Amino acid sequence: MMPLTEFSLIERYFASITQPASPYVDLAIGDDCCLLSIPDTMQLAQSIDTLNANIHFPAEANADLIAQRALAVSVSDLAAMGASPVAFSLAISMPELSEPWLAAFSRGLQQAARHYGIALIGGDTTKGPLSLTLHVQGVVAKGRALQRHGASVGDCIFVTGSLGDAAAALAFMQGQLPVAKSAQQFFKQRYYQPSARVAVGQSLHDIATAAIDVSDGFIADLGHIARRSAVGAVVDVSLLPVSAELQANASAEQALSYALSGGDDYELCFTAPSDKRAQLLELSELIDVAITEVGTIVAGEGVRCIDEQGREIILSESGYQHF
Ligand SMILES: [Mg+2]
């Protein structure tokens with residue numbers, strides 16, 4: 001096979017992902033830089049993520065799933081700020097130039113790009129261990145971005161979707177968690193095709209006081225809100241949204257451990273005053289995404305977990321235990 005130059009490679013596999021055209025993108029792939037124009041009323045939100053094979057995703061996974069996950073994970077940061085996706089750049093390192101791999105990768109990338117309405121505007125390819133770096137850009141009305149620092153004592157803590165599925169999926173794929181055949185597809189989907197909660201984030205500008213996406217694990221990420229807001233948080237673990245599939249395939253303790261500490265969920269965790277509950281219920285129904293109240297912001301610092309009787313529980317490697 002003729003070796004592909006970088007240019008023809010990008011042309012062949014990535015040119016079509018420059019759509020959907022955004023009003024903010026003046027020039028996409030083809031020149032030395034892309035050009036964007038942002039209206040005075042908007043701020044540009046930017047985030048960059050590197051995903052390394054066998055650290056952040058299994059190298060042997062289907063390339064189209066690797067692509068879909070990579071873009072969703074990156075767009076999730078835009079969702080957490082309440083920003084609307086506009087454009088992204090992609091740098092790929094790969095050990096060899098495999099056209100079937102690239103074809104599948106670009107197919108998955110295109111599917112996710114269309115889903116999130118985000119266009120590829122630049123890229124770079126190099127030879128090396130498989131690694132993806134995505135730089136995403138979005139827009140948000142000036143001064144309206146959701147941030148981590150606004151939680152106040154008395155605010156309620158909410159989370160979208162369900163927690164723990166991605167961690168369970170990873171454990172299943174690594175042979176550490178047996179999963180019934182009927183649920184295997186569900187878990188793989190939750191890991192490879194997480195739903196970046198863009199519509200939720202866009203709807204929270206007048207509701208949330210602080211927000212973050214759950215990438216490191218629910219407790220860890222809520223901890224970021226608590227620290228940046230100089231408050232504490234109390235989570236009632238009996239309220240955590242856990243999928244029926246996770247409940248059916250893991251012990252209660254294991255499921256709780258995944259939900260609290262497993263990463264990769266890419267749900268949104270946010271705080272809001274209690275008088276926003278009704279609005280959140282309406283929003284949840286309108287956009288068909290579960291939004292669950294799981295705790296309260298308190299004075300102090302750190303995140304504490306309690307059970308339904310209000311008894312404090314602590315997490316350990318093997319799950320959790322009561323004090
Ligand atoms: Mg994040």
# chains A, B, ... in the order shown; residues from 1 in each chain; ligands from 1
$ closest_atom_pairs --of "chain A" --to "ligand 1" --cutoff "7 Å" --atoms "only C-alpha atoms and all ligand atoms" --output "JSON lines"
{"residue": "A:Ser76", "atom": "CA", "partner": "ligand 1", "partner_atom_place_in_ligand_line": "1 (Mg)", "distance": 6.8}
{"residue": "A:Asp77", "atom": "CA", "partner": "ligand 1", "partner_atom_place_in_ligand_line": "1 (Mg)", "distance": 4.6}
{"residue": "A:Ala80", "atom": "CA", "partner": "ligand 1", "partner_atom_place_in_ligand_line": "1 (Mg)", "distance": 6.8}
{"residue": "A:Ile212", "atom": "CA", "partner": "ligand 1", "partner_atom_place_in_ligand_line": "1 (Mg)", "distance": 6.1}
{"residue": "A:Asp213", "atom": "CA", "partner": "ligand 1", "partner_atom_place_in_ligand_line": "1 (Mg)", "distance": 4.9}
{"residue": "A:Val214", "atom": "CA", "partner": "ligand 1", "partner_atom_place_in_ligand_line": "1 (Mg)", "distance": 6.8}
{"residue": "A:Ser215", "atom": "CA", "partner": "ligand 1", "partner_atom_place_in_ligand_line": "1 (Mg)", "distance": 6.1}
$ closest_atom_pairs --of "stretch 179-198 of chain A" --to "stretch 275-296 of chain A" --cutoff "12 Å" --atoms "only C-alpha atoms" --output "Markdown table"
| residue | atom | partner | partner_atom | distance |
| --- | --- | --- | --- | --- |
| A:Ser195 | CA | A:Val289 | CA | 10.1 |
| A:Ala196 | CA | A:Val289 | CA | 11.3 |
| A:Arg197 | CA | A:Val289 | CA | 8.6 |
| A:Val198 | CA | A:Ile287 | CA | 10.6 |
$ select_by_dssp --residues "stretch 136-195 of chain A" --states "strand (DSSP E)" --output "MDAnalysis selection string"
chainID A and resid 136:141 156:160
$ write_last_selection --atoms "all heavy atoms" --output "mmCIF file, in the first residue's frame"
data_model
loop_
_atom_site.group_PDB
_atom_site.id
_atom_site.type_symbol
_atom_site.label_atom_id
_atom_site.label_comp_id
_atom_site.auth_asym_id
_atom_site.auth_seq_id
_atom_site.Cartn_x
_atom_site.Cartn_y
_atom_site.Cartn_z
ATOM 1 N N VAL A 136 -11.512 20.891 22.937
ATOM 2 C CA VAL A 136 -12.871 21.285 22.565
ATOM 3 C C VAL A 136 -13.103 22.753 22.892
ATOM 4 O O VAL A 136 -12.542 23.287 23.848
ATOM 5 C CB VAL A 136 -13.956 20.427 23.265
ATOM 6 C CG1 VAL A 136 -13.942 19.005 22.746
ATOM 7 C CG2 VAL A 136 -13.790 20.450 24.780
ATOM 8 N N GLN A 137 -13.933 23.371 22.091
ATOM 9 C CA GLN A 137 -14.273 24.769 22.309
ATOM 10 C C GLN A 137 -15.785 24.927 22.235
ATOM 11 O O GLN A 137 -16.449 24.306 21.414
ATOM 12 C CB GLN A 137 -13.630 25.640 21.233
ATOM 13 C CG GLN A 137 -12.166 25.293 21.035
ATOM 14 C CD GLN A 137 -11.405 26.343 20.268
ATOM 15 O OE1 GLN A 137 -11.463 27.518 20.594
ATOM 16 N NE2 GLN A 137 -10.687 25.914 19.261
ATOM 17 N N GLY A 138 -16.298 25.755 23.115
ATOM 18 C CA GLY A 138 -17.727 26.028 23.127
ATOM 19 C C GLY A 138 -17.973 27.487 23.434
ATOM 20 O O GLY A 138 -17.032 28.229 23.719
ATOM 21 N N VAL A 139 -19.217 27.892 23.390
ATOM 22 C CA VAL A 139 -19.547 29.277 23.727
ATOM 23 C C VAL A 139 -20.578 29.301 24.846
ATOM 24 O O VAL A 139 -21.414 28.401 24.964
ATOM 25 C CB VAL A 139 -20.098 30.060 22.508
ATOM 26 C CG1 VAL A 139 -18.991 30.317 21.495
ATOM 27 C CG2 VAL A 139 -21.276 29.357 21.870
ATOM 28 N N VAL A 140 -20.488 30.349 25.641
ATOM 29 C CA VAL A 140 -21.438 30.533 26.729
ATOM 30 C C VAL A 140 -21.649 32.040 26.874
ATOM 31 O O VAL A 140 -20.716 32.823 26.656
ATOM 32 C CB VAL A 140 -20.910 29.862 28.025
ATOM 33 C CG1 VAL A 140 -19.566 30.430 28.467
ATOM 34 C CG2 VAL A 140 -21.925 29.951 29.155
ATOM 35 N N ALA A 141 -22.872 32.448 27.191
ATOM 36 C CA ALA A 141 -23.160 33.884 27.356
ATOM 37 C C ALA A 141 -22.233 34.455 28.422
ATOM 38 O O ALA A 141 -21.967 33.803 29.440
ATOM 39 C CB ALA A 141 -24.621 34.088 27.748
ATOM 40 N N CYS A 156 -29.080 22.291 47.753
ATOM 41 C CA CYS A 156 -29.248 20.854 47.551
ATOM 42 C C CYS A 156 -28.230 20.384 46.506
ATOM 43 O O CYS A 156 -27.815 21.159 45.641
ATOM 44 C CB CYS A 156 -30.650 20.547 47.051
ATOM 45 S SG CYS A 156 -31.930 21.213 48.120
ATOM 46 N N ILE A 157 -27.855 19.115 46.584
ATOM 47 C CA ILE A 157 -26.906 18.523 45.637
ATOM 48 C C ILE A 157 -27.676 17.594 44.705
ATOM 49 O O ILE A 157 -28.452 16.750 45.168
ATOM 50 C CB ILE A 157 -25.820 17.722 46.391
ATOM 51 C CG1 ILE A 157 -25.075 18.638 47.369
ATOM 52 C CG2 ILE A 157 -24.840 17.076 45.405
ATOM 53 C CD1 ILE A 157 -24.265 17.881 48.411
ATOM 54 N N PHE A 158 -27.467 17.773 43.417
ATOM 55 C CA PHE A 158 -28.177 16.962 42.416
ATOM 56 C C PHE A 158 -27.174 16.252 41.515
ATOM 57 O O PHE A 158 -26.048 16.712 41.337
ATOM 58 C CB PHE A 158 -29.062 17.855 41.536
ATOM 59 C CG PHE A 158 -30.150 18.571 42.281
ATOM 60 C CD1 PHE A 158 -29.926 19.813 42.851
ATOM 61 C CD2 PHE A 158 -31.414 17.990 42.424
ATOM 62 C CE1 PHE A 158 -30.931 20.485 43.542
ATOM 63 C CE2 PHE A 158 -32.419 18.650 43.116
ATOM 64 C CZ PHE A 158 -32.182 19.901 43.681
ATOM 65 N N VAL A 159 -27.631 15.152 40.922
ATOM 66 C CA VAL A 159 -26.810 14.463 39.935
ATOM 67 C C VAL A 159 -27.712 13.958 38.812
ATOM 68 O O VAL A 159 -28.864 13.593 39.061
ATOM 69 C CB VAL A 159 -25.985 13.322 40.593
ATOM 70 C CG1 VAL A 159 -26.872 12.210 41.111
ATOM 71 C CG2 VAL A 159 -24.926 12.775 39.647
ATOM 72 N N THR A 160 -27.205 13.994 37.589
ATOM 73 C CA THR A 160 -27.993 13.519 36.439
ATOM 74 C C THR A 160 -27.793 12.009 36.255
ATOM 75 O O THR A 160 -26.821 11.432 36.754
ATOM 76 C CB THR A 160 -27.570 14.228 35.134
ATOM 77 O OG1 THR A 160 -26.187 13.942 34.878
ATOM 78 C CG2 THR A 160 -27.775 15.725 35.218
#
$ closest_residue --among "A:Ser203, A:Ser22, A:Ser16, A:Gln174" --to "A:Arg144" --atoms "only C-alpha atoms"
A:Ser203
$ closest_residue --among "A:Asn249, A:Gln43, A:Ser274, A:Gln19" --to "A:Ile118" --atoms "only C-alpha atoms"
A:Gln19
$ residues_around --residues "A:Leu170" --least-positions-apart "2" --cutoff "12 Å" --atoms "only C-alpha atoms" --output "VMD selection string"
chain A and resid 54 to 58 61 164 to 168 172 to 179 184 187 to 192 258 262 to 265
$ select_by_dssp --residues "stretch 17-265 of chain A" --states "alpha helix (DSSP H)" --output "MDAnalysis selection string"
chainID A and resid 63:80 99:116 165:173 181:192 198:203 218:229 244:249 252:261
$ residues_around --residues "stretch 95-99 of chain A" --least-positions-apart "5" --cutoff "10 Å" --atoms "only C-alpha atoms" --output "MDAnalysis selection string"
chainID A and resid 3:4 9 13 104:105 125:131
$ residues_around --residues "A:Ile306" --least-positions-apart "5" --cutoff "7 Å" --atoms "only C-alpha atoms" --output "list in words"
Val235, Asp236, Val237, Arg311, Glu312 and Ile313 of chain A
$ closest_residue --among "A:Ser162, A:His149, A:Arg69, A:Ala233" --to "A:Gln247" --atoms "only C-alpha atoms"
A:Ser162
$ closest_atom_pairs --of "stretch 178-271 of chain A" --to "stretch 297-302 of chain A" --cutoff "7 Å" --atoms "only C-alpha atoms" --output "tab-separated table"
residue	atom	partner	partner_atom	distance
A:Gly223	CA	A:Gly302	CA	6.1
A:Ala226	CA	A:Gly302	CA	6.4
A:Arg227	CA	A:Glu301	CA	6.9
A:Ala230	CA	A:Glu301	CA	6.6
A:Val231	CA	A:Glu301	CA	5.1
A:Gly232	CA	A:Glu301	CA	3.8
A:Ala233	CA	A:Ile297	CA	4.5
A:Val234	CA	A:Ile297	CA	6.4
$ write_last_selection --atoms "C-alpha atoms" --output "PDB file, in the first residue's frame"
ATOM      1  CA  GLY A 223     -15.211  17.353  46.705  1.00  0.00           C
ATOM      2  CA  ALA A 226     -16.923  21.765  48.121  1.00  0.00           C
ATOM      3  CA  ARG A 227     -13.300  22.903  48.111  1.00  0.00           C
ATOM      4  CA  ALA A 230     -15.333  26.606  50.780  1.00  0.00           C
ATOM      5  CA  VAL A 231     -18.218  24.473  52.088  1.00  0.00           C
ATOM      6  CA  GLY A 232     -18.867  20.875  53.100  1.00  0.00           C
ATOM      7  CA  ALA A 233     -21.265  18.353  51.560  1.00  0.00           C
ATOM      8  CA  VAL A 234     -23.381  15.558  53.019  1.00  0.00           C
TER       9      VAL A 234
END
$ closest_residue --among "A:Val73, A:Ala45, A:Ala199, A:Leu27" --to "A:Ala145" --atoms "only C-alpha atoms"
A:Ala45
$ closest_residue --among "A:Met81, A:Ser93, A:Cys34, A:Ala28" --to "A:Ala53" --atoms "only C-alpha atoms"
A:Ser93
$ closest_residue --among "A:Cys305, A:Ala220, A:Ile38, A:Ala70" --to "A:Phe88" --atoms "only C-alpha atoms"
A:Ala70
$ atom_distance --atom1 "atom CA of A:His205" --atom2 "atom CA of A:Ala272"
10.5 Å
$ residues_around --residues "A:Leu71" --least-positions-apart "6" --cutoff "12 Å" --atoms "only C-alpha atoms" --output "compact mmCIF listing (two decimals) with all heavy atoms, in the first residue's frame"
# COMPACT_ATOMS: atom_id res chain seq x y z
N SER A 47 -11.36 23.34 26.66
CA SER A 47 -10.86 22.27 27.53
C SER A 47 -10.06 21.29 26.69
O SER A 47 -10.38 21.06 25.52
CB SER A 47 -12.04 21.57 28.20
OG SER A 47 -11.59 20.46 28.93
N ILE A 48 -9.03 20.71 27.29
CA ILE A 48 -8.21 19.74 26.56
C ILE A 48 -8.06 18.47 27.39
O ILE A 48 -7.96 18.53 28.61
CB ILE A 48 -6.83 20.35 26.20
CG1 ILE A 48 -6.07 19.45 25.22
CG2 ILE A 48 -6.00 20.64 27.44
CD1 ILE A 48 -4.93 20.15 24.52
N ASP A 49 -8.14 17.33 26.73
CA ASP A 49 -8.02 16.03 27.39
C ASP A 49 -7.11 15.13 26.56
O ASP A 49 -7.26 15.06 25.35
CB ASP A 49 -9.39 15.33 27.44
CG ASP A 49 -10.18 15.70 28.67
OD1 ASP A 49 -9.66 15.52 29.78
OD2 ASP A 49 -11.33 16.17 28.51
N THR A 50 -6.23 14.43 27.22
CA THR A 50 -5.44 13.39 26.54
C THR A 50 -5.88 12.03 27.05
O THR A 50 -6.03 11.83 28.25
CB THR A 50 -3.93 13.58 26.79
OG1 THR A 50 -3.51 14.78 26.15
CG2 THR A 50 -3.12 12.42 26.24
N LEU A 51 -6.13 11.13 26.13
CA LEU A 51 -6.53 9.76 26.48
C LEU A 51 -5.48 8.80 25.91
O LEU A 51 -5.29 8.74 24.70
CB LEU A 51 -7.91 9.44 25.88
CG LEU A 51 -9.05 10.38 26.27
CD1 LEU A 51 -10.30 10.07 25.47
CD2 LEU A 51 -9.34 10.26 27.76
N ASP A 64 -14.14 2.83 16.43
CA ASP A 64 -15.27 3.78 16.40
C ASP A 64 -15.78 4.07 17.82
O ASP A 64 -16.19 5.19 18.12
CB ASP A 64 -16.40 3.30 15.47
CG ASP A 64 -17.07 2.03 15.94
OD1 ASP A 64 -16.44 1.27 16.70
OD2 ASP A 64 -18.22 1.79 15.55
N LEU A 65 -15.67 3.09 18.70
CA LEU A 65 -16.08 3.32 20.10
C LEU A 65 -15.06 4.19 20.82
O LEU A 65 -15.42 5.04 21.64
CB LEU A 65 -16.24 1.98 20.82
CG LEU A 65 -17.40 1.11 20.34
CD1 LEU A 65 -17.43 -0.21 21.11
CD2 LEU A 65 -18.74 1.83 20.49
N ASP A 77 -16.96 18.30 29.50
CA ASP A 77 -16.42 19.48 30.20
C ASP A 77 -17.14 20.75 29.77
O ASP A 77 -17.34 21.66 30.58
CB ASP A 77 -14.91 19.62 29.95
CG ASP A 77 -14.10 18.67 30.81
OD1 ASP A 77 -14.52 18.39 31.95
OD2 ASP A 77 -13.02 18.22 30.36
N LEU A 78 -17.53 20.82 28.50
CA LEU A 78 -18.31 21.98 28.04
C LEU A 78 -19.68 21.96 28.73
O LEU A 78 -20.18 22.99 29.18
CB LEU A 78 -18.49 21.95 26.52
CG LEU A 78 -17.22 22.08 25.68
CD1 LEU A 78 -17.55 21.95 24.19
CD2 LEU A 78 -16.53 23.42 25.94
N PRO A 85 -21.35 23.32 22.57
CA PRO A 85 -20.21 22.87 21.77
C PRO A 85 -20.15 23.60 20.42
O PRO A 85 -21.18 23.84 19.80
CB PRO A 85 -20.50 21.38 21.54
CG PRO A 85 -21.49 21.00 22.59
CD PRO A 85 -22.28 22.23 22.89
N ALA A 87 -16.56 23.61 18.34
CA ALA A 87 -15.51 23.05 17.50
C ALA A 87 -14.50 22.28 18.32
O ALA A 87 -14.40 22.50 19.53
CB ALA A 87 -14.81 24.18 16.75
N PHE A 88 -13.78 21.39 17.67
CA PHE A 88 -12.70 20.69 18.37
C PHE A 88 -11.52 20.42 17.45
O PHE A 88 -11.68 20.34 16.23
CB PHE A 88 -13.19 19.39 19.02
CG PHE A 88 -13.52 18.27 18.07
CD1 PHE A 88 -12.68 17.17 17.94
CD2 PHE A 88 -14.68 18.29 17.31
CE1 PHE A 88 -12.99 16.11 17.08
CE2 PHE A 88 -15.00 17.24 16.44
CZ PHE A 88 -14.16 16.16 16.33
N SER A 89 -10.34 20.31 18.06
CA SER A 89 -9.14 19.88 17.36
C SER A 89 -8.73 18.53 17.93
O SER A 89 -9.03 18.22 19.08
CB SER A 89 -7.99 20.87 17.58
OG SER A 89 -8.36 22.13 17.13
N LEU A 90 -8.05 17.75 17.10
CA LEU A 90 -7.71 16.39 17.49
C LEU A 90 -6.27 16.08 17.12
O LEU A 90 -5.87 16.26 15.96
CB LEU A 90 -8.64 15.42 16.74
CG LEU A 90 -8.27 13.95 16.73
CD1 LEU A 90 -8.45 13.35 18.12
CD2 LEU A 90 -9.11 13.18 15.72
N PHE A 105 -12.40 4.69 13.13
CA PHE A 105 -12.25 5.80 14.07
C PHE A 105 -12.99 7.04 13.55
O PHE A 105 -13.74 7.69 14.28
CB PHE A 105 -10.76 6.11 14.27
CG PHE A 105 -10.51 7.19 15.28
CD1 PHE A 105 -10.42 6.88 16.63
CD2 PHE A 105 -10.38 8.52 14.89
CE1 PHE A 105 -10.20 7.88 17.58
CE2 PHE A 105 -10.16 9.52 15.83
CZ PHE A 105 -10.07 9.20 17.16
N SER A 106 -12.80 7.35 12.29
CA SER A 106 -13.42 8.56 11.75
C SER A 106 -14.94 8.40 11.67
O SER A 106 -15.69 9.36 11.86
CB SER A 106 -12.84 8.95 10.39
OG SER A 106 -13.20 8.03 9.41
N GLY A 108 -16.80 6.68 13.85
CA GLY A 108 -17.28 6.93 15.22
C GLY A 108 -17.20 8.40 15.59
O GLY A 108 -18.10 8.95 16.24
N LEU A 109 -16.12 9.03 15.14
CA LEU A 109 -15.93 10.45 15.46
C LEU A 109 -17.01 11.29 14.80
O LEU A 109 -17.57 12.21 15.41
CB LEU A 109 -14.54 10.89 14.99
CG LEU A 109 -14.03 12.21 15.56
CD1 LEU A 109 -13.85 12.11 17.08
CD2 LEU A 109 -12.72 12.61 14.91
N GLN A 110 -17.31 10.95 13.57
CA GLN A 110 -18.33 11.70 12.83
C GLN A 110 -19.70 11.55 13.51
O GLN A 110 -20.44 12.52 13.66
CB GLN A 110 -18.41 11.20 11.40
CG GLN A 110 -19.56 11.83 10.63
CD GLN A 110 -19.21 12.03 9.18
OE1 GLN A 110 -18.55 11.20 8.57
NE2 GLN A 110 -19.64 13.13 8.60
N GLN A 111 -19.98 10.33 13.92
CA GLN A 111 -21.28 10.07 14.57
C GLN A 111 -21.41 10.91 15.85
O GLN A 111 -22.43 11.56 16.08
CB GLN A 111 -21.35 8.58 14.91
CG GLN A 111 -22.74 8.09 15.25
CD GLN A 111 -22.73 6.60 15.57
OE1 GLN A 111 -21.95 5.84 14.98
NE2 GLN A 111 -23.57 6.19 16.50
N ALA A 112 -20.36 10.92 16.65
CA ALA A 112 -20.41 11.69 17.90
C ALA A 112 -20.42 13.19 17.61
O ALA A 112 -21.12 13.95 18.29
CB ALA A 112 -19.22 11.32 18.78
N ALA A 113 -19.65 13.62 16.62
CA ALA A 113 -19.59 15.05 16.29
C ALA A 113 -20.96 15.55 15.86
O ALA A 113 -21.39 16.64 16.25
CB ALA A 113 -18.55 15.29 15.20
N ARG A 114 -21.65 14.76 15.05
CA ARG A 114 -23.02 15.14 14.63
C ARG A 114 -23.94 15.19 15.83
O ARG A 114 -24.75 16.10 15.98
CB ARG A 114 -23.55 14.12 13.62
CG ARG A 114 -22.91 14.28 12.28
CD ARG A 114 -23.88 13.90 11.15
NE ARG A 114 -23.24 14.14 9.88
CZ ARG A 114 -23.04 13.22 8.95
NH1 ARG A 114 -23.49 11.99 9.15
NH2 ARG A 114 -22.45 13.52 7.83
N HIS A 115 -23.83 14.18 16.69
CA HIS A 115 -24.70 14.09 17.86
C HIS A 115 -24.57 15.34 18.73
O HIS A 115 -25.56 15.88 19.23
CB HIS A 115 -24.35 12.84 18.67
CG HIS A 115 -25.13 12.68 19.92
ND1 HIS A 115 -26.46 12.30 19.93
CD2 HIS A 115 -24.79 12.87 21.22
CE1 HIS A 115 -26.89 12.27 21.17
NE2 HIS A 115 -25.90 12.61 21.98
N TYR A 116 -23.34 15.80 18.91
CA TYR A 116 -23.11 16.96 19.79
C TYR A 116 -23.07 18.28 19.03
O TYR A 116 -22.89 19.34 19.65
CB TYR A 116 -21.82 16.77 20.59
CG TYR A 116 -21.94 15.67 21.61
CD1 TYR A 116 -21.18 14.50 21.51
CD2 TYR A 116 -22.84 15.77 22.67
CE1 TYR A 116 -21.31 13.48 22.44
CE2 TYR A 116 -22.97 14.75 23.61
CZ TYR A 116 -22.20 13.61 23.48
OH TYR A 116 -22.33 12.61 24.40
N GLY A 117 -23.23 18.25 17.70
CA GLY A 117 -23.21 19.48 16.92
C GLY A 117 -21.88 20.21 17.04
O GLY A 117 -21.83 21.43 17.20
N ILE A 118 -20.79 19.45 16.95
CA ILE A 118 -19.46 20.04 17.10
C ILE A 118 -18.62 19.66 15.87
O ILE A 118 -18.72 18.54 15.38
CB ILE A 118 -18.81 19.58 18.42
CG1 ILE A 118 -17.55 20.37 18.75
CG2 ILE A 118 -18.52 18.08 18.42
CD1 ILE A 118 -17.06 20.18 20.18
N ALA A 119 -17.85 20.62 15.36
CA ALA A 119 -17.12 20.39 14.11
C ALA A 119 -15.62 20.28 14.35
O ALA A 119 -15.06 21.00 15.18
CB ALA A 119 -17.40 21.53 13.14
N LEU A 120 -14.98 19.40 13.61
CA LEU A 120 -13.52 19.28 13.66
C LEU A 120 -12.91 20.46 12.90
O LEU A 120 -13.25 20.71 11.74
CB LEU A 120 -13.10 17.95 13.02
CG LEU A 120 -11.61 17.63 13.05
CD1 LEU A 120 -11.13 17.37 14.47
CD2 LEU A 120 -11.32 16.40 12.18
N LEU A 132 -4.78 9.95 22.14
CA LEU A 132 -5.66 10.95 21.52
C LEU A 132 -5.67 12.19 22.40
O LEU A 132 -5.82 12.09 23.61
CB LEU A 132 -7.10 10.43 21.45
CG LEU A 132 -7.32 9.04 20.88
CD1 LEU A 132 -8.73 8.59 21.18
CD2 LEU A 132 -7.07 9.07 19.39
N THR A 133 -5.52 13.33 21.80
CA THR A 133 -5.69 14.59 22.53
C THR A 133 -6.77 15.39 21.83
O THR A 133 -6.68 15.66 20.63
CB THR A 133 -4.38 15.38 22.59
OG1 THR A 133 -3.41 14.62 23.32
CG2 THR A 133 -4.59 16.72 23.31
N LEU A 134 -7.81 15.71 22.58
CA LEU A 134 -8.91 16.50 22.01
C LEU A 134 -8.98 17.84 22.73
O LEU A 134 -8.96 17.90 23.96
CB LEU A 134 -10.25 15.77 22.15
CG LEU A 134 -10.48 14.64 21.16
CD1 LEU A 134 -9.91 13.35 21.70
CD2 LEU A 134 -11.96 14.46 20.87
N HIS A 135 -9.07 18.87 21.92
CA HIS A 135 -9.23 20.22 22.45
C HIS A 135 -10.59 20.70 21.99
O HIS A 135 -10.83 20.82 20.79
CB HIS A 135 -8.11 21.11 21.89
CG HIS A 135 -8.18 22.52 22.36
ND1 HIS A 135 -8.28 23.58 21.50
CD2 HIS A 135 -8.18 23.04 23.60
CE1 HIS A 135 -8.32 24.71 22.21
NE2 HIS A 135 -8.26 24.40 23.47
N VAL A 136 -11.51 20.89 22.94
CA VAL A 136 -12.87 21.29 22.56
C VAL A 136 -13.10 22.75 22.89
O VAL A 136 -12.54 23.29 23.85
CB VAL A 136 -13.96 20.43 23.26
CG1 VAL A 136 -13.94 19.00 22.75
CG2 VAL A 136 -13.79 20.45 24.78
N GLN A 137 -13.93 23.37 22.09
CA GLN A 137 -14.27 24.77 22.31
C GLN A 137 -15.79 24.93 22.23
O GLN A 137 -16.45 24.31 21.41
CB GLN A 137 -13.63 25.64 21.23
CG GLN A 137 -12.17 25.29 21.04
CD GLN A 137 -11.41 26.34 20.27
OE1 GLN A 137 -11.46 27.52 20.59
NE2 GLN A 137 -10.69 25.91 19.26
N TYR A 192 -18.47 3.26 26.70
CA TYR A 192 -17.94 3.80 25.44
C TYR A 192 -18.77 4.94 24.86
O TYR A 192 -18.28 5.71 24.05
CB TYR A 192 -17.84 2.68 24.39
CG TYR A 192 -16.66 1.78 24.62
CD1 TYR A 192 -16.82 0.45 24.98
CD2 TYR A 192 -15.36 2.28 24.49
CE1 TYR A 192 -15.73 -0.37 25.21
CE2 TYR A 192 -14.26 1.47 24.72
CZ TYR A 192 -14.46 0.14 25.06
OH TYR A 192 -13.37 -0.66 25.29
N GLN A 193 -20.05 4.98 25.22
CA GLN A 193 -20.90 6.04 24.67
C GLN A 193 -21.59 6.81 25.80
O GLN A 193 -22.81 6.87 25.87
CB GLN A 193 -21.92 5.43 23.71
CG GLN A 193 -21.24 4.82 22.48
CD GLN A 193 -22.10 3.78 21.80
OE1 GLN A 193 -22.51 2.79 22.41
NE2 GLN A 193 -22.38 4.01 20.53
N PRO A 194 -20.78 7.41 26.68
CA PRO A 194 -21.41 8.19 27.75
C PRO A 194 -22.15 9.37 27.14
O PRO A 194 -21.82 9.81 26.06
CB PRO A 194 -20.21 8.67 28.59
CG PRO A 194 -19.05 8.65 27.67
CD PRO A 194 -19.32 7.55 26.67
N SER A 195 -23.18 9.84 27.85
CA SER A 195 -23.95 10.98 27.34
C SER A 195 -23.45 12.25 28.01
O SER A 195 -23.74 12.48 29.18
CB SER A 195 -25.44 10.80 27.68
OG SER A 195 -25.91 9.62 27.12
N ALA A 196 -22.70 13.04 27.27
CA ALA A 196 -22.32 14.35 27.81
C ALA A 196 -23.62 15.14 27.97
O ALA A 196 -24.40 15.25 27.02
CB ALA A 196 -21.36 15.05 26.86
N TYR A 266 -19.43 10.72 33.58
CA TYR A 266 -19.73 11.91 32.77
C TYR A 266 -21.17 12.39 32.93
O TYR A 266 -21.77 12.93 32.02
CB TYR A 266 -19.31 11.70 31.29
CG TYR A 266 -17.83 11.44 31.28
CD1 TYR A 266 -17.34 10.15 31.12
CD2 TYR A 266 -16.94 12.46 31.56
CE1 TYR A 266 -15.98 9.89 31.23
CE2 TYR A 266 -15.58 12.21 31.68
CZ TYR A 266 -15.12 10.93 31.51
OH TYR A 266 -13.78 10.68 31.63
$ atom_distance --atom1 "atom CA of A:Ala248" --atom2 "atom CA of A:Ala72"
26.5 Å
$ atom_distance --atom1 "atom CA of A:Gln46" --atom2 "atom CA of A:Phe14"
21.2 Å
